[in-house]
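Trainee: I'd like to ask some things about the structure below.
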Amino acid sequence: MRIDFNAINEVTVPGMNGGAGQMSAKMHMGEHGKIIPCKIHPGGSIGVHKHETSDDINYVISGAGVAVCDGQEEPLAPGVCHVCPKGSEHAIRNSGDEDLCLLTVVVER
């Protein structure tokens, strides 16, 4: 299957999951999960939330950030992958002065 993200409209989401600021994302949703190239803008964050039915995989393309998974802080930088397994809760914040660009894959299981 080919997914052309150039043909998917980008949406801006304020305060994702109770977080601060804004993020922008292009979302592909399918039966088994989601693929989401996204940007958490400077000062923004995705608030704490739990993954009851899925694993959440976040690969950092550019920028700097911090993930908190089950209370443990993890620094984020290009080339780093943060995985929040099913049953865990996490949050991600942009700690830099440029967009934190991620490729997020949500795998339902």
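Note on naming: chains are A, B, ... as they come in the structure tokens, residues start from 1 per chain, ligands start from 1 in the order shown.
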Mind the document's chain letters and residue numbers, and return as a PyMOL selection string the residues of segment 1-102 of chain A that DSSP labels helix (DSSP H, G or I).
Mentor: chain A and resi 5-7+16-18
Trainee: Excluding Ile40 of chain A and its own-chain neighbours fewer than 5 positions away, which residues fall within 8 Å of it when counting only C-alpha atoms? Please give them as a PyMOL selection string.
Mentor: chain A and resi 22-24+45-46+93-94+99-101
Trainee: With all heavy atoms retained, write the just-selected residues as a PDB file, in the first residue's frame.
Mentor:
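Writing the result to selection_32.pdb gives the following:
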```pdb
ATOM      1  N   GLN A  22       0.719  24.241  20.427  1.00  0.00           N
ATOM      2  CA  GLN A  22       0.104  23.627  19.256  1.00  0.00           C
ATOM      3  C   GLN A  22       1.022  22.596  18.623  1.00  0.00           C
ATOM      4  O   GLN A  22       2.243  22.649  18.762  1.00  0.00           O
ATOM      5  CB  GLN A  22      -0.203  24.688  18.200  1.00  0.00           C
ATOM      6  CG  GLN A  22      -1.265  25.660  18.587  1.00  0.00           C
ATOM      7  CD  GLN A  22      -1.622  26.575  17.427  1.00  0.00           C
ATOM      8  OE1 GLN A  22      -0.877  26.737  16.483  1.00  0.00           O
ATOM      9  NE2 GLN A  22      -2.791  27.177  17.523  1.00  0.00           N
ATOM     10  N   MET A  23       0.387  21.682  17.901  1.00  0.00           N
ATOM     11  CA  MET A  23       1.117  20.760  17.043  1.00  0.00           C
ATOM     12  C   MET A  23       0.399  20.716  15.702  1.00  0.00           C
ATOM     13  O   MET A  23      -0.776  21.058  15.609  1.00  0.00           O
ATOM     14  CB  MET A  23       1.214  19.363  17.662  1.00  0.00           C
ATOM     15  CG  MET A  23      -0.083  18.610  17.761  1.00  0.00           C
ATOM     16  SD  MET A  23       0.129  16.929  18.389  1.00  0.00           S
ATOM     17  CE  MET A  23       0.830  16.118  16.979  1.00  0.00           C
ATOM     18  N   SER A  24       1.122  20.318  14.671  1.00  0.00           N
ATOM     19  CA  SER A  24       0.557  20.136  13.340  1.00  0.00           C
ATOM     20  C   SER A  24       0.804  18.701  12.925  1.00  0.00           C
ATOM     21  O   SER A  24       1.849  18.126  13.247  1.00  0.00           O
ATOM     22  CB  SER A  24       1.228  21.073  12.327  1.00  0.00           C
ATOM     23  OG  SER A  24       1.057  22.414  12.712  1.00  0.00           O
ATOM     24  N   SER A  45       3.398  20.870  23.680  1.00  0.00           N
ATOM     25  CA  SER A  45       3.527  19.527  24.230  1.00  0.00           C
ATOM     26  C   SER A  45       2.274  18.713  23.941  1.00  0.00           C
ATOM     27  O   SER A  45       1.210  19.263  23.656  1.00  0.00           O
ATOM     28  CB  SER A  45       3.756  19.580  25.742  1.00  0.00           C
ATOM     29  OG  SER A  45       2.625  20.107  26.406  1.00  0.00           O
ATOM     30  N   ILE A  46       2.433  17.410  24.027  1.00  0.00           N
ATOM     31  CA  ILE A  46       1.313  16.470  24.022  1.00  0.00           C
ATOM     32  C   ILE A  46       1.162  16.042  25.477  1.00  0.00           C
ATOM     33  O   ILE A  46       2.121  15.551  26.082  1.00  0.00           O
ATOM     34  CB  ILE A  46       1.608  15.253  23.123  1.00  0.00           C
ATOM     35  CG1 ILE A  46       1.809  15.698  21.670  1.00  0.00           C
ATOM     36  CG2 ILE A  46       0.489  14.222  23.229  1.00  0.00           C
ATOM     37  CD1 ILE A  46       2.311  14.598  20.750  1.00  0.00           C
ATOM     38  N   ARG A  93       7.165  16.724  25.123  1.00  0.00           N
ATOM     39  CA  ARG A  93       7.208  18.182  25.025  1.00  0.00           C
ATOM     40  C   ARG A  93       8.404  18.608  24.182  1.00  0.00           C
ATOM     41  O   ARG A  93       9.444  17.961  24.185  1.00  0.00           O
ATOM     42  CB  ARG A  93       7.222  18.837  26.394  1.00  0.00           C
ATOM     43  CG  ARG A  93       8.516  18.838  27.122  1.00  0.00           C
ATOM     44  CD  ARG A  93       8.450  19.651  28.425  1.00  0.00           C
ATOM     45  NE  ARG A  93       9.738  19.672  29.065  1.00  0.00           N
ATOM     46  CZ  ARG A  93      10.183  18.762  29.904  1.00  0.00           C
ATOM     47  NH1 ARG A  93       9.438  17.729  30.216  1.00  0.00           N
ATOM     48  NH2 ARG A  93      11.391  18.866  30.423  1.00  0.00           N
ATOM     49  N   ASN A  94       8.209  19.691  23.477  1.00  0.00           N
ATOM     50  CA  ASN A  94       9.274  20.305  22.700  1.00  0.00           C
ATOM     51  C   ASN A  94      10.112  21.128  23.674  1.00  0.00           C
ATOM     52  O   ASN A  94       9.599  22.043  24.320  1.00  0.00           O
ATOM     53  CB  ASN A  94       8.678  21.194  21.605  1.00  0.00           C
ATOM     54  CG  ASN A  94       9.729  21.812  20.721  1.00  0.00           C
ATOM     55  OD1 ASN A  94      10.855  22.027  21.125  1.00  0.00           O
ATOM     56  ND2 ASN A  94       9.337  22.134  19.504  1.00  0.00           N
ATOM     57  N   ASP A  99      10.703  23.465  15.635  1.00  0.00           N
ATOM     58  CA  ASP A  99       9.727  22.375  15.669  1.00  0.00           C
ATOM     59  C   ASP A  99      10.390  21.061  16.053  1.00  0.00           C
ATOM     60  O   ASP A  99      11.510  20.768  15.615  1.00  0.00           O
ATOM     61  CB  ASP A  99       9.060  22.195  14.302  1.00  0.00           C
ATOM     62  CG  ASP A  99       8.076  23.295  13.967  1.00  0.00           C
ATOM     63  OD1 ASP A  99       7.628  24.013  14.887  1.00  0.00           O
ATOM     64  OD2 ASP A  99       7.735  23.433  12.773  1.00  0.00           O
ATOM     65  N   LEU A 100       9.709  20.269  16.875  1.00  0.00           N
ATOM     66  CA  LEU A 100      10.098  18.896  17.155  1.00  0.00           C
ATOM     67  C   LEU A 100       9.325  18.049  16.159  1.00  0.00           C
ATOM     68  O   LEU A 100       8.101  17.919  16.248  1.00  0.00           O
ATOM     69  CB  LEU A 100       9.744  18.514  18.598  1.00  0.00           C
ATOM     70  CG  LEU A 100       9.955  17.054  18.991  1.00  0.00           C
ATOM     71  CD1 LEU A 100      11.408  16.627  18.810  1.00  0.00           C
ATOM     72  CD2 LEU A 100       9.500  16.828  20.433  1.00  0.00           C
ATOM     73  N   CYS A 101      10.022  17.525  15.143  1.00  0.00           N
ATOM     74  CA  CYS A 101       9.387  16.773  14.059  1.00  0.00           C
ATOM     75  C   CYS A 101       9.502  15.282  14.328  1.00  0.00           C
ATOM     76  O   CYS A 101      10.602  14.764  14.529  1.00  0.00           O
ATOM     77  CB  CYS A 101      10.032  17.118  12.719  1.00  0.00           C
ATOM     78  SG  CYS A 101       9.853  18.853  12.279  1.00  0.00           S
TER      79      CYS A 101
END
```
Trainee: Could you check how far atom CA of Gly71 of chain A sits from atom CA of Gly19 of chain A, in Å to one decimal?
Mentor: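 Answer for the atom CA of Gly71 of chain A to atom CA of Gly19 of chain A separation: 16.1 Å.
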Trainee: Just the strand (DSSP E or B) stuff from chain A, please, per backbone DSSP, written as a PDB file with C-alpha atoms, in the first residue's frame.
Mentor:
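Okay, selection_27.pdb is ready:
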```pdb
ATOM      1  CA  VAL A  11      -4.301  19.914  10.685  1.00  0.00           C
ATOM      2  CA  THR A  12      -3.294  22.120  13.614  1.00  0.00           C
ATOM      3  CA  VAL A  13      -4.202  20.772  17.020  1.00  0.00           C
ATOM      4  CA  PRO A  14      -4.147  23.083  20.058  1.00  0.00           C
ATOM      5  CA  GLN A  22       0.104  23.627  19.256  1.00  0.00           C
ATOM      6  CA  MET A  23       1.117  20.760  17.043  1.00  0.00           C
ATOM      7  CA  SER A  24       0.557  20.136  13.340  1.00  0.00           C
ATOM      8  CA  ALA A  25      -0.025  16.711  11.834  1.00  0.00           C
ATOM      9  CA  HIS A  28      -3.309   8.328   7.977  1.00  0.00           C
ATOM     10  CA  MET A  29      -5.741   6.128   9.908  1.00  0.00           C
ATOM     11  CA  GLY A  30      -6.264   2.480   9.087  1.00  0.00           C
ATOM     12  CA  GLY A  33      -3.328   1.816  13.495  1.00  0.00           C
ATOM     13  CA  LYS A  34      -2.164   5.248  12.426  1.00  0.00           C
ATOM     14  CA  ILE A  35       0.840   6.817  10.728  1.00  0.00           C
ATOM     15  CA  ILE A  36       1.302  10.461  11.673  1.00  0.00           C
ATOM     16  CA  PRO A  37       4.099  12.782  10.547  1.00  0.00           C
ATOM     17  CA  CYS A  38       3.789  15.614  13.052  1.00  0.00           C
ATOM     18  CA  LYS A  39       5.445  18.731  14.437  1.00  0.00           C
ATOM     19  CA  ILE A  40       5.214  19.906  18.020  1.00  0.00           C
ATOM     20  CA  SER A  45       3.527  19.527  24.230  1.00  0.00           C
ATOM     21  CA  ILE A  46       1.313  16.470  24.022  1.00  0.00           C
ATOM     22  CA  GLY A  47      -0.219  15.971  27.471  1.00  0.00           C
ATOM     23  CA  VAL A  48      -0.096  12.804  29.538  1.00  0.00           C
ATOM     24  CA  HIS A  49      -2.282  10.069  28.098  1.00  0.00           C
ATOM     25  CA  LYS A  50      -2.509   6.279  28.301  1.00  0.00           C
ATOM     26  CA  SER A  54      -1.895   0.242  21.129  1.00  0.00           C
ATOM     27  CA  ASP A  55       1.852   0.794  21.075  1.00  0.00           C
ATOM     28  CA  ASP A  56       2.893   4.360  20.216  1.00  0.00           C
ATOM     29  CA  ILE A  57       6.217   4.665  18.378  1.00  0.00           C
ATOM     30  CA  ASN A  58       7.729   8.137  17.910  1.00  0.00           C
ATOM     31  CA  TYR A  59      10.823   8.529  15.726  1.00  0.00           C
ATOM     32  CA  VAL A  60      12.508  11.949  16.000  1.00  0.00           C
ATOM     33  CA  ILE A  61      13.366  13.499  12.633  1.00  0.00           C
ATOM     34  CA  SER A  62      14.538  16.894  13.919  1.00  0.00           C
ATOM     35  CA  GLY A  65      12.314  17.274  23.223  1.00  0.00           C
ATOM     36  CA  VAL A  66      11.585  15.213  26.279  1.00  0.00           C
ATOM     37  CA  ALA A  67       9.282  12.216  26.592  1.00  0.00           C
ATOM     38  CA  VAL A  68       7.971  11.039  29.944  1.00  0.00           C
ATOM     39  CA  CYS A  69       6.871   7.397  29.909  1.00  0.00           C
ATOM     40  CA  GLN A  72      10.682   8.203  33.459  1.00  0.00           C
ATOM     41  CA  GLU A  73      12.085  11.165  31.479  1.00  0.00           C
ATOM     42  CA  GLU A  74      13.759  10.370  28.162  1.00  0.00           C
ATOM     43  CA  PRO A  75      15.627  13.025  26.113  1.00  0.00           C
ATOM     44  CA  LEU A  76      14.636  13.193  22.443  1.00  0.00           C
ATOM     45  CA  CYS A  81      12.947   6.521  18.879  1.00  0.00           C
ATOM     46  CA  HIS A  82      10.595   6.719  21.890  1.00  0.00           C
ATOM     47  CA  VAL A  83       8.245   3.743  22.321  1.00  0.00           C
ATOM     48  CA  CYS A  84       5.247   3.882  24.643  1.00  0.00           C
ATOM     49  CA  GLU A  89       1.145   6.456  29.726  1.00  0.00           C
ATOM     50  CA  HIS A  90       3.319   9.147  28.288  1.00  0.00           C
ATOM     51  CA  ALA A  91       3.717  12.791  27.315  1.00  0.00           C
ATOM     52  CA  ILE A  92       6.070  14.560  24.904  1.00  0.00           C
ATOM     53  CA  ARG A  93       7.208  18.182  25.025  1.00  0.00           C
ATOM     54  CA  ASN A  94       9.274  20.305  22.700  1.00  0.00           C
ATOM     55  CA  LEU A 100      10.098  18.896  17.155  1.00  0.00           C
ATOM     56  CA  CYS A 101       9.387  16.773  14.059  1.00  0.00           C
ATOM     57  CA  LEU A 102       8.278  13.198  14.650  1.00  0.00           C
ATOM     58  CA  LEU A 103       7.059  10.261  12.638  1.00  0.00           C
ATOM     59  CA  THR A 104       4.519   8.591  14.910  1.00  0.00           C
ATOM     60  CA  VAL A 105       3.232   5.082  14.261  1.00  0.00           C
ATOM     61  CA  VAL A 106       0.365   3.786  16.420  1.00  0.00           C
ATOM     62  CA  VAL A 107       0.014   0.002  16.246  1.00  0.00           C
ATOM     63  CA  GLU A 108      -3.270  -1.434  17.501  1.00  0.00           C
TER      64      GLU A 108
END
```
Trainee: Between atom CA of His51 of chain A and atom CA of Glu98 of chain A, measure the distance and give it in Å to one decimal.
Mentor: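 Value for the atom CA of His51 of chain A-atom CA of Glu98 of chain A distance: 27.3 Å.
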Trainee: Which one of A:Gly44, A:Pro85, A:Ala7, A:Asp70 sits closest to Arg109 of chain A if you count only C-alpha atoms?
Mentor: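 Using only C-alpha atoms, Arg109 of chain A sits closest to A:Pro85.
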Trainee: Counting only C-alpha atoms, figure out which residue out of A:Lys86, A:His41, A:Thr53, A:Ala64 gets nearest to Gly15 of chain A.
Mentor: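 The answer is A:His41, which sits nearest to Gly15 of chain A.
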Trainee: What does the distance between atom CA of Gly43 of chain A and atom CA of Gly21 of chain A come to in Å, to one decimal place?
Mentor: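 Value for the atom CA of Gly43 of chain A-atom CA of Gly21 of chain A distance: 6.0 Å.
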